[in-house]
Each structure stands twice: as C-alpha cells, then as structure tokens.
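Here's data-v8.txt, which has compact mmCIF, C-alpha atoms:
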```txt
# COMPACT_ATOMS: atom_id res chain seq x y z
CA MET A 57 -17.45 1.28 14.75
CA MET A 58 -16.24 2.65 11.41
CA ARG A 59 -15.04 5.80 13.12
CA SER A 60 -12.79 3.91 15.54
CA LEU A 61 -11.47 1.63 12.79
CA LEU A 62 -10.65 4.62 10.56
CA VAL A 63 -8.95 6.59 13.35
CA ARG A 64 -6.95 3.50 14.34
CA GLY A 65 -5.97 2.90 10.71
CA MET A 66 -4.64 6.43 10.23
CA LEU A 67 -2.70 6.39 13.53
CA VAL A 68 -1.23 2.97 12.72
CA GLY A 69 -0.33 4.40 9.28
CA ILE A 70 1.70 7.16 10.98
CA ALA A 71 3.50 4.59 13.17
CA ALA A 72 4.20 2.43 10.12
CA ALA A 73 5.55 5.48 8.27
CA GLY A 74 7.95 6.01 11.20
CA ALA A 75 9.25 2.44 10.92
CA ALA A 76 9.54 2.72 7.13
CA LEU A 77 11.40 6.02 7.57
CA LEU A 78 14.13 4.25 9.54
CA ILE A 79 14.60 1.74 6.71
CA ALA A 80 14.61 4.59 4.18
CA TRP A 81 17.33 6.46 6.08
CA LEU A 82 19.48 3.42 6.84
CA TYR A 83 19.26 1.61 3.49
CA GLY A 84 17.70 3.96 0.93
CA GLU A 85 19.34 7.36 1.39
CA PRO A 86 22.95 6.14 0.87
CA GLN A 87 21.90 4.78 -2.54
CA VAL A 88 20.06 8.01 -3.43
CA GLY A 89 23.30 9.83 -2.54
CA HIS A 90 25.38 7.57 -4.83
CA ALA A 91 22.89 8.03 -7.68
CA ILE A 92 22.93 11.83 -7.33
CA ALA A 93 26.75 11.81 -7.25
CA PHE A 94 26.71 9.79 -10.50
CA GLU A 95 24.23 12.25 -12.04
CA GLU A 96 26.38 15.23 -11.08
CA ALA A 97 29.62 13.64 -12.29
CA LYS A 98 27.94 12.96 -15.64
CA ALA A 99 26.64 16.55 -15.89
CA HIS A 100 30.08 17.86 -14.93
CA ALA A 101 31.78 15.71 -17.61
CA ALA A 102 29.32 17.01 -20.21
CA HIS A 103 30.09 20.60 -19.06
CA GLU A 104 26.46 21.19 -18.20
CA GLY A 105 25.80 23.78 -15.53
CA HIS A 106 24.88 22.80 -11.98
CA GLU A 107 21.10 22.30 -11.69
CA PRO A 108 19.62 25.07 -9.51
CA GLU A 109 18.44 23.65 -6.19
CA VAL A 110 14.77 24.44 -5.50
CA VAL A 111 14.88 22.40 -2.29
CA SER A 112 18.24 21.56 -0.68
CA ARG A 113 19.37 17.95 -0.25
CA GLY A 114 19.23 18.40 3.52
CA VAL A 115 15.54 19.33 3.39
CA GLN A 116 14.74 16.56 0.88
CA LYS A 117 16.33 13.95 3.18
CA THR A 118 14.62 15.17 6.35
CA ALA A 119 11.47 17.32 6.22
CA GLY A 120 10.60 16.29 2.66
CA LEU A 121 11.02 12.56 3.24
CA ILE A 122 9.25 12.70 6.63
CA THR A 123 6.29 14.58 5.11
CA ALA A 124 6.03 12.26 2.11
CA MET A 125 6.17 9.14 4.32
CA ALA A 126 3.70 10.51 6.88
CA VAL A 127 1.13 11.56 4.25
CA TYR A 128 1.51 8.26 2.41
CA GLY A 129 1.24 6.34 5.70
CA VAL A 130 -1.95 8.13 6.80
CA ALA A 131 -3.60 7.61 3.40
CA LEU A 132 -2.59 3.95 3.30
CA GLY A 133 -3.65 3.34 6.91
CA GLY A 134 -7.07 4.89 6.31
CA LEU A 135 -7.66 2.87 3.15
CA PHE A 136 -6.41 -0.24 4.95
CA SER A 137 -9.00 0.18 7.71
CA ILE A 138 -11.78 0.37 5.08
CA ALA A 139 -10.50 -2.82 3.43
CA PHE A 140 -10.35 -4.44 6.87
CA ALA A 141 -13.98 -3.44 7.58
CA PHE A 142 -15.06 -5.15 4.35
CA ALA A 143 -12.98 -8.28 5.06
CA TYR A 144 -13.62 -8.81 8.78
CA GLY A 145 -16.26 -11.48 9.42
CA ARG A 146 -16.37 -12.31 5.72
CA LEU A 147 -13.24 -14.50 5.56
CA GLY A 148 -14.46 -17.66 7.29
CA ARG A 149 -13.92 -17.54 11.04
CA LEU A 150 -10.72 -15.52 10.98
CA GLY A 151 -10.28 -13.17 13.94
CA ALA A 152 -9.17 -9.53 13.84
CA ARG A 153 -5.42 -10.23 13.92
CA ALA A 154 -5.48 -12.86 11.16
CA THR A 155 -7.85 -10.76 9.01
CA ALA A 156 -5.61 -7.68 9.36
CA ALA A 157 -2.50 -9.70 8.49
CA LEU A 158 -4.19 -11.19 5.40
CA VAL A 159 -5.53 -7.81 4.24
CA ALA A 160 -2.02 -6.34 4.63
CA LEU A 161 -0.49 -9.22 2.67
CA ALA A 162 -3.06 -8.84 -0.11
CA GLY A 163 -2.57 -5.05 -0.11
CA PHE A 164 1.21 -5.37 -0.31
CA VAL A 165 0.94 -7.78 -3.24
CA ALA A 166 -1.70 -5.69 -5.04
CA VAL A 167 -0.33 -2.17 -4.55
CA GLU A 168 3.42 -2.76 -4.27
CA LEU A 169 4.61 -6.16 -5.49
CA VAL A 170 2.61 -6.40 -8.75
CA PRO A 171 3.75 -2.96 -10.05
CA PHE A 172 7.26 -3.37 -8.57
CA LEU A 173 8.08 -6.59 -10.44
CA LYS A 174 7.35 -4.90 -13.80
CA TYR A 175 8.15 -1.24 -13.07
CA PRO A 176 10.58 -1.30 -10.12
CA ALA A 177 11.55 1.82 -8.20
CA THR A 178 14.31 3.82 -9.84
CA PRO A 179 16.96 5.98 -8.17
CA PRO A 180 17.72 9.51 -9.42
CA ALA A 181 19.58 9.52 -12.80
CA VAL A 182 17.74 6.38 -13.96
CA GLY A 183 14.81 6.88 -16.32
CA ASN A 184 14.44 9.15 -19.32
CA PRO A 185 12.65 12.42 -18.35
CA GLY A 186 11.03 12.36 -21.79
CA THR A 187 9.05 9.22 -20.91
CA ILE A 188 7.86 10.30 -17.44
CA GLY A 189 4.28 10.64 -18.71
CA SER A 190 3.99 7.14 -20.13
CA ARG A 191 5.95 5.58 -17.25
CA THR A 192 3.66 7.20 -14.68
CA ALA A 193 0.56 6.06 -16.60
CA LEU A 194 1.88 2.49 -16.92
CA TYR A 195 2.83 2.42 -13.23
CA PHE A 196 -0.63 3.48 -12.03
CA CYS A 197 -2.30 1.08 -14.49
CA MET A 198 -0.22 -1.70 -12.97
CA VAL A 199 -1.35 -0.65 -9.47
CA ALA A 200 -4.95 -0.76 -10.70
CA LEU A 201 -4.35 -4.21 -12.23
CA GLY A 202 -2.87 -5.44 -8.94
CA ILE A 203 -5.92 -4.21 -6.98
CA LEU A 204 -8.44 -5.64 -9.49
CA ALA A 205 -6.69 -9.01 -9.83
CA THR A 206 -6.29 -9.41 -6.07
CA THR A 207 -9.93 -8.47 -5.39
CA ALA A 208 -11.08 -10.89 -8.09
CA ALA A 209 -8.91 -13.67 -6.64
CA VAL A 210 -10.40 -13.13 -3.16
CA ILE A 211 -13.99 -13.16 -4.50
CA VAL A 212 -13.39 -16.31 -6.60
CA CYS A 213 -11.68 -17.97 -3.63
CA ARG A 214 -14.65 -17.30 -1.33
CA ARG A 215 -17.03 -18.82 -3.91
CA LEU A 216 -14.84 -21.91 -4.33
CA VAL A 217 -14.35 -22.67 -0.62
CA PRO A 218 -17.75 -24.39 -0.03
CA ARG A 219 -17.24 -26.60 -3.10
CA VAL A 220 -13.56 -27.66 -2.99
CA GLY A 221 -12.34 -26.71 0.50
CA VAL A 222 -10.06 -23.93 1.73
CA TRP A 223 -6.71 -25.36 0.54
CA ASN A 224 -7.83 -26.08 -3.01
CA ALA A 225 -9.73 -22.79 -3.30
CA VAL A 226 -6.69 -20.74 -2.21
CA THR A 227 -4.38 -22.71 -4.52
CA ALA A 228 -6.67 -22.35 -7.55
CA SER A 229 -7.34 -18.62 -7.09
CA THR A 230 -3.64 -17.88 -6.44
CA ALA A 231 -2.68 -19.76 -9.61
CA GLY A 232 -5.32 -17.87 -11.61
CA PHE A 233 -4.03 -14.58 -10.20
CA ALA A 234 -0.44 -15.48 -11.15
CA VAL A 235 -1.45 -16.39 -14.72
CA VAL A 236 -3.31 -13.09 -15.23
CA VAL A 237 -0.39 -11.04 -13.88
CA ALA A 238 2.19 -13.02 -15.88
CA VAL A 239 0.27 -12.49 -19.14
CA VAL A 240 -0.02 -8.74 -18.50
CA TYR A 241 3.74 -8.56 -17.70
CA ARG A 242 4.49 -10.21 -21.06
CA VAL A 243 2.41 -7.80 -23.16
CA THR A 244 3.14 -4.44 -21.45
CA PRO A 245 6.04 -2.27 -22.70
CA ARG A 246 9.18 -1.62 -20.69
CA PRO A 247 10.39 1.96 -21.11
CA ASP A 248 13.22 1.67 -18.56
CA ALA A 249 16.27 3.74 -19.49
CA ILE A 250 19.39 2.98 -17.43
CA PRO A 251 22.25 5.33 -18.32
CA GLU A 252 25.55 3.80 -19.44
CA HIS A 253 28.02 2.99 -16.63
CA PHE A 254 25.40 3.44 -13.93
CA PRO A 255 26.64 1.17 -11.09
CA ALA A 256 24.56 -2.02 -11.02
CA THR A 257 25.08 -2.47 -7.26
CA VAL A 258 23.58 0.97 -6.57
CA LEU A 259 20.54 0.12 -8.71
CA TRP A 260 20.07 -3.27 -7.01
CA ASP A 261 20.61 -1.94 -3.47
CA PHE A 262 18.26 0.97 -4.12
CA ARG A 263 15.51 -1.35 -5.36
CA VAL A 264 15.91 -3.75 -2.43
CA ALA A 265 15.78 -0.74 -0.07
CA SER A 266 12.61 0.53 -1.76
CA LEU A 267 10.98 -2.90 -1.47
CA GLY A 268 12.09 -3.03 2.18
CA VAL A 269 10.51 0.37 2.91
CA GLN A 270 7.17 -0.83 1.49
CA LEU A 271 7.41 -4.23 3.20
CA VAL A 272 8.01 -2.64 6.61
CA LEU A 273 5.19 -0.15 5.99
CA TRP A 274 2.61 -2.85 5.14
CA ALA A 275 3.80 -5.33 7.76
CA THR A 276 3.62 -2.70 10.52
CA ILE A 277 0.14 -1.60 9.42
CA GLY A 278 -1.16 -5.18 9.27
CA LEU A 279 0.31 -6.47 12.51
CA LEU A 280 -0.17 -3.36 14.66
CA PHE A 281 -3.71 -2.72 13.41
CA GLY A 282 -4.60 -6.38 14.03
CA TYR A 283 -3.17 -6.34 17.54
CA LEU A 284 -4.96 -3.12 18.54
CA THR A 285 -8.27 -4.15 16.96
CA GLU A 286 -8.26 -7.59 18.60
CA ARG A 287 -7.60 -5.92 21.95
CA ALA A 288 -10.40 -3.36 21.40
CA PHE A 289 -12.90 -6.07 20.35
CA ALA A 290 -12.06 -8.10 23.46
CA ARG A 291 -12.72 -5.05 25.63
CA HIS A 292 -15.97 -3.93 23.98
CA PRO A 293 -17.59 -6.95 22.30
CA SER A 294 -21.00 -5.24 22.35
CA ARG A 295 -19.84 -2.36 20.13
CA VAL A 296 -19.72 -4.56 17.04
CA ALA A 297 -22.88 -3.86 15.12
CA VAL A 298 -24.66 -7.00 13.86
CA PRO A 299 -24.23 -10.78 13.99
CA ALA A 300 -22.39 -12.38 11.07
CA ASN A 301 -25.47 -14.25 9.84
CA ALA A 302 -27.62 -11.12 9.64
CA MET B 272 -39.63 -24.35 20.35
CA ALA B 273 -38.77 -21.66 17.85
CA GLN B 274 -35.11 -20.71 17.70
CA GLN B 275 -34.36 -17.10 18.51
CA ALA B 276 -33.35 -15.10 15.46
CA VAL B 277 -31.21 -12.63 17.37
CA PRO B 278 -28.64 -14.40 19.57
CA SER B 279 -27.75 -11.25 21.51
CA ALA B 280 -31.30 -11.20 22.91
CA SER B 281 -30.41 -14.08 25.22
CA PRO B 282 -27.39 -12.94 27.20
CA ALA B 283 -28.24 -15.38 29.98
CA THR B 284 -26.90 -18.34 27.98
CA PRO B 285 -23.47 -17.30 26.70
CA ALA B 286 -22.08 -20.85 26.89
CA ALA B 287 -24.60 -22.04 24.31
CA ARG B 288 -22.46 -20.57 21.51
CA PRO B 289 -18.85 -21.59 22.23
CA ALA B 290 -17.28 -20.44 18.91
CA PRO B 291 -19.28 -17.48 17.58
CA LEU B 292 -18.63 -16.20 14.08
CA PRO B 293 -16.78 -12.89 13.99
CA LEU B 294 -19.24 -10.00 13.71
CA ARG B 295 -19.48 -8.02 10.48
CA VAL B 296 -19.78 -4.32 9.76
CA PRO B 297 -22.69 -3.95 7.30
CA VAL B 298 -21.67 -2.79 3.84
CA ARG B 299 -24.07 0.17 3.87
CA GLU B 300 -22.30 1.43 7.01
CA ILE B 301 -18.85 1.12 5.40
CA LEU B 302 -19.70 2.59 2.00
CA PRO B 303 -19.80 6.35 2.74
CA TRP B 304 -16.51 6.10 4.67
CA ALA B 305 -15.04 4.04 1.85
CA VAL B 306 -15.91 6.69 -0.74
CA LEU B 307 -14.52 9.50 1.41
CA ALA B 308 -11.33 7.61 2.29
CA ALA B 309 -10.78 6.56 -1.31
CA VAL B 310 -11.15 10.12 -2.64
CA LEU B 311 -8.95 11.71 0.05
CA GLY B 312 -6.43 8.86 -0.10
CA VAL B 313 -6.07 9.13 -3.86
CA VAL B 314 -5.56 12.92 -3.64
CA LEU B 315 -2.90 12.55 -0.91
CA ILE B 316 -1.09 9.75 -2.75
CA TYR B 317 -1.23 11.81 -5.97
CA PHE B 318 0.52 14.74 -4.27
CA VAL B 319 3.20 12.54 -2.74
CA GLY B 320 3.65 10.39 -5.84
CA ALA B 321 2.94 12.28 -9.02
CA GLU B 322 2.28 16.07 -8.77
CA GLN B 323 4.72 18.12 -10.89
CA GLY B 324 6.01 14.93 -12.48
CA ALA B 325 3.89 13.60 -15.30
CA THR B 326 1.10 16.10 -14.57
CA SER B 327 1.10 19.43 -12.78
CA LEU B 328 -1.74 21.21 -10.97
CA PHE B 329 0.50 23.91 -9.51
CA GLY B 330 3.29 25.66 -11.39
CA GLY B 331 6.96 25.19 -10.54
CA THR B 332 8.75 22.15 -9.15
CA TRP B 333 8.56 22.71 -5.40
CA VAL B 334 6.19 19.82 -4.57
CA HIS B 335 8.25 17.51 -6.77
CA GLU B 336 11.55 18.53 -5.17
CA PHE B 337 10.20 18.52 -1.61
CA THR B 338 8.79 14.96 -1.84
CA HIS B 339 11.70 13.87 -4.09
CA ASP B 340 13.33 11.22 -1.87
CA GLY B 341 10.06 9.74 -0.67
CA ARG B 342 8.84 9.53 -4.24
CA HIS B 343 11.93 7.58 -5.34
CA LEU B 344 12.00 5.30 -2.29
CA LEU B 345 8.27 4.53 -2.32
CA GLY B 346 8.64 3.39 -5.92
CA PHE B 347 6.81 6.09 -7.89
CA PRO B 348 8.25 7.10 -11.28
CA CYS B 349 9.88 10.44 -10.47
CA HIS B 350 11.73 11.91 -13.45
```

Could I get this structure in the form of structure tokens?
Amino acid sequence: MMRSLLVRGMLVGIAAAGAALLIAWLYGEPQVGHAIAFEEAKAHAAHEGHEPEVVSRGVQKTAGLITAMAVYGVALGGLFSIAFAFAYGRLGRLGARATAALVALAGFVAVELVPFLKYPATPPAVGNPGTIGSRTALYFCMVALGILATTAAVIVCRRLVPRVGVWNAVTASTAGFAVVVAVVYRVTPRPDAIPEHFPATVLWDFRVASLGVQLVLWATIGLLFGYLTERAFARHPSRVAVPANA
Amino acid sequence: MAQQAVPSASPATPAARPAPLPLRVPVREILPWAVLAAVLGVVLIYFVGAEQGATSLFGGTWVHEFTHDGRHLLGFPCH
C-alpha cells in the first residue's frame, strides 16, 4: 500500500516537474534573461570584469533547470504521497481525488504561499550577496512556519467539526491560521535589496512566473495523484489495509 | 445478535453498507516511510535550493551555478 503510493507520488512528481518546466521556460526564463542583462550592464558601467562562467547560460537554462525541477518534483511528490497517506480516510468521508486535491492545496499554501508572500522569489541581480545567509535562514523558517501553522489548523479543524459543523470549523481554523501568519509577517525583518533602476516590470513578471511554476507543480501533483489513486482503489479495493473504524 | 466487528468478514452482504468510510493506512505502517521520505526529501531539496549559497558542503560553485535558474524560479534565495 505505502509502496504503491510512494512510487505513484514520485512518478507524478516527475510529470508535474515537466509541466512546471514548460511554465518556467515560457514565462520565467525571459525574465531571468532581462535580469542578467541588467546585472551585466551595471557591471560593465562600473568597469568590473566579466564574471567567469562556471556553467554556461545554455546549460543553466536546459540541463541545469531540468535537473533542478526533476529532483525537486520527485522529492515533493514523495513527500506528498506520505501526507496523502496520513490524510486519506481521516478527513471525513472524502475520497481519494478530493483528499489529494486538499492535501495539494494545503501543501501549496504551507510550503509556497506563506514564504512567498513575505520573502518572494527574486531574479538574478536582486538581493544583497552579503545577506544570503540570513535570507536563506528566514526563508526556511517561514517554510517551517507554513507547515506547522497549516498542520495545526487541520488538527484544530478536525476537533471542531463534531461540535460546530464543517463550515464553521473550516472558517474558524482558517481565520486562526491567517491571524498567526499575519502576526509573524509583521514582526519578521525584510532584508530585500532591490538595486536602483532595476525594472519593476521584470521583478513583477519574474515573481508571477515563479508563483505560476509552483502553482502548476502543486496542482498537477494533487490532481494527477488523486485521479490515479482513485482509479487504483476502484480496481483493487481489497488492497487497502484496514477499515476506517479500526 | 452480535454485530460483526470486522465488516470484510461478510462479503456475502455488500449492499448492507451502501456508503462505506474510506479505508485508512495505519500510522505505524506510514511512519518508517515518512521518516525515510522526509530525510531524503530534505537532502534533495537542500541540494537544489541551498547548497553553495548560504552554506557549502562541497567546495566551488558548480552546484550553485548548475541549479541556478531552477533555484531562482522555484523561489529559493540564491545570491
């Protein structure tokens, strides 16, 4: 059971990485190109030497991006299948498709949206290299906060459902989640350094593209995993281990 | 008559339970996989997202430069 879920999760992660790769090439790479052109024009104006290329732009755009996406997709898909195994049969009477879609939505909010709204993706040339350490630490702390707050909201929601009903429980736990995140946003520092004259449209388009890449990744994982799992459960109902009330 | 504790023991009467609850995977069956997947997943995401940026396990900048575009577009702080 776990084996088939995990294998399916990792394969779906690869497929999702493929879909996200298309978005990255179509919408993200042009903005990365603009940002690098800005960086080079600035270095040229300051009479700094050309930075030696360890990996060429062509490799970064193709093999490098494909590898990064594929590895990230497999890791995310595997972790998603574990989260699905915990959630399935424990969220009321939701079936496989609805459970997978909800887990993907929660995962997107926890791992991408919560950190993104405070520490959005930055194109090359944006961000002070001197603060990379603190920015990385803050970013991963925000990911951890997103995961903890989302998990807490789901647990509280499940406890509230028998007392106040599904609608009220979801509303109350979502509001509590929003308050926690909003308070943390207010008190955390913002070490974002945008260089002077960096084009605002490039920054905006890059960030929308980055959000789009993550949205497509999570949506594909959630919907495809749900579809395949529902189909597999319908074919082999006996392979599911124990009844829900056990 | 005592009710049967295990519903699957009576396959002759499938119509008796029209809307069965979805079946669960027991937590003790998930846990070892969860630990393994979490550890491997974190290592993989670290190499895509952060190696040779804020911290460096290997010398040089090759991993950073190779995963450069993915790192920016997936939203990790890069440089």

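Those residues of chain B that fall within 7 Å of chain A when using only C-alpha atoms read B:Leu292, B:Pro293, B:Leu294, B:Arg295, B:Val296, B:Ile301, B:Ala305, B:Ala308, B:Ala309, B:Gly312, B:Leu315, B:Ile316, B:Val319, B:Ala325, B:Trp333, B:Glu336, B:Phe337, B:Thr338, B:His339, B:Asp340, B:Gly341, B:His343, B:Leu344, B:Leu345, B:Gly346, B:Phe347, B:Pro348, B:His350.
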
Could you give me, as a PyMOL selection string, the residues within 10 Å of Leu328 (chain B), counting only C-alpha atoms and dropping anything in the same chain fewer than 4 positions from it? chain B and resi 318+322-323

One decimal, in Å: what's the spacing between CA of Gly69 (chain A) and CA of Gly324 (chain B)? 25.0 Å

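Between CA of Leu67 (chain A) and CA of Leu280 (chain A) lies a distance of 10.1 Å.
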
Just the number, please: distance in Å from CA of Gly320 (chain B) to CA of Val170 (chain A), one decimal.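 Pair CA of Gly320 (chain B) / CA of Val170 (chain A) returns 17.1 Å.
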
Counting all atoms listed in the file, the residue of A:Val165, A:Ile79, A:Ser229, A:Val199 that sits nearest Cys213 (chain A): A:Ser229
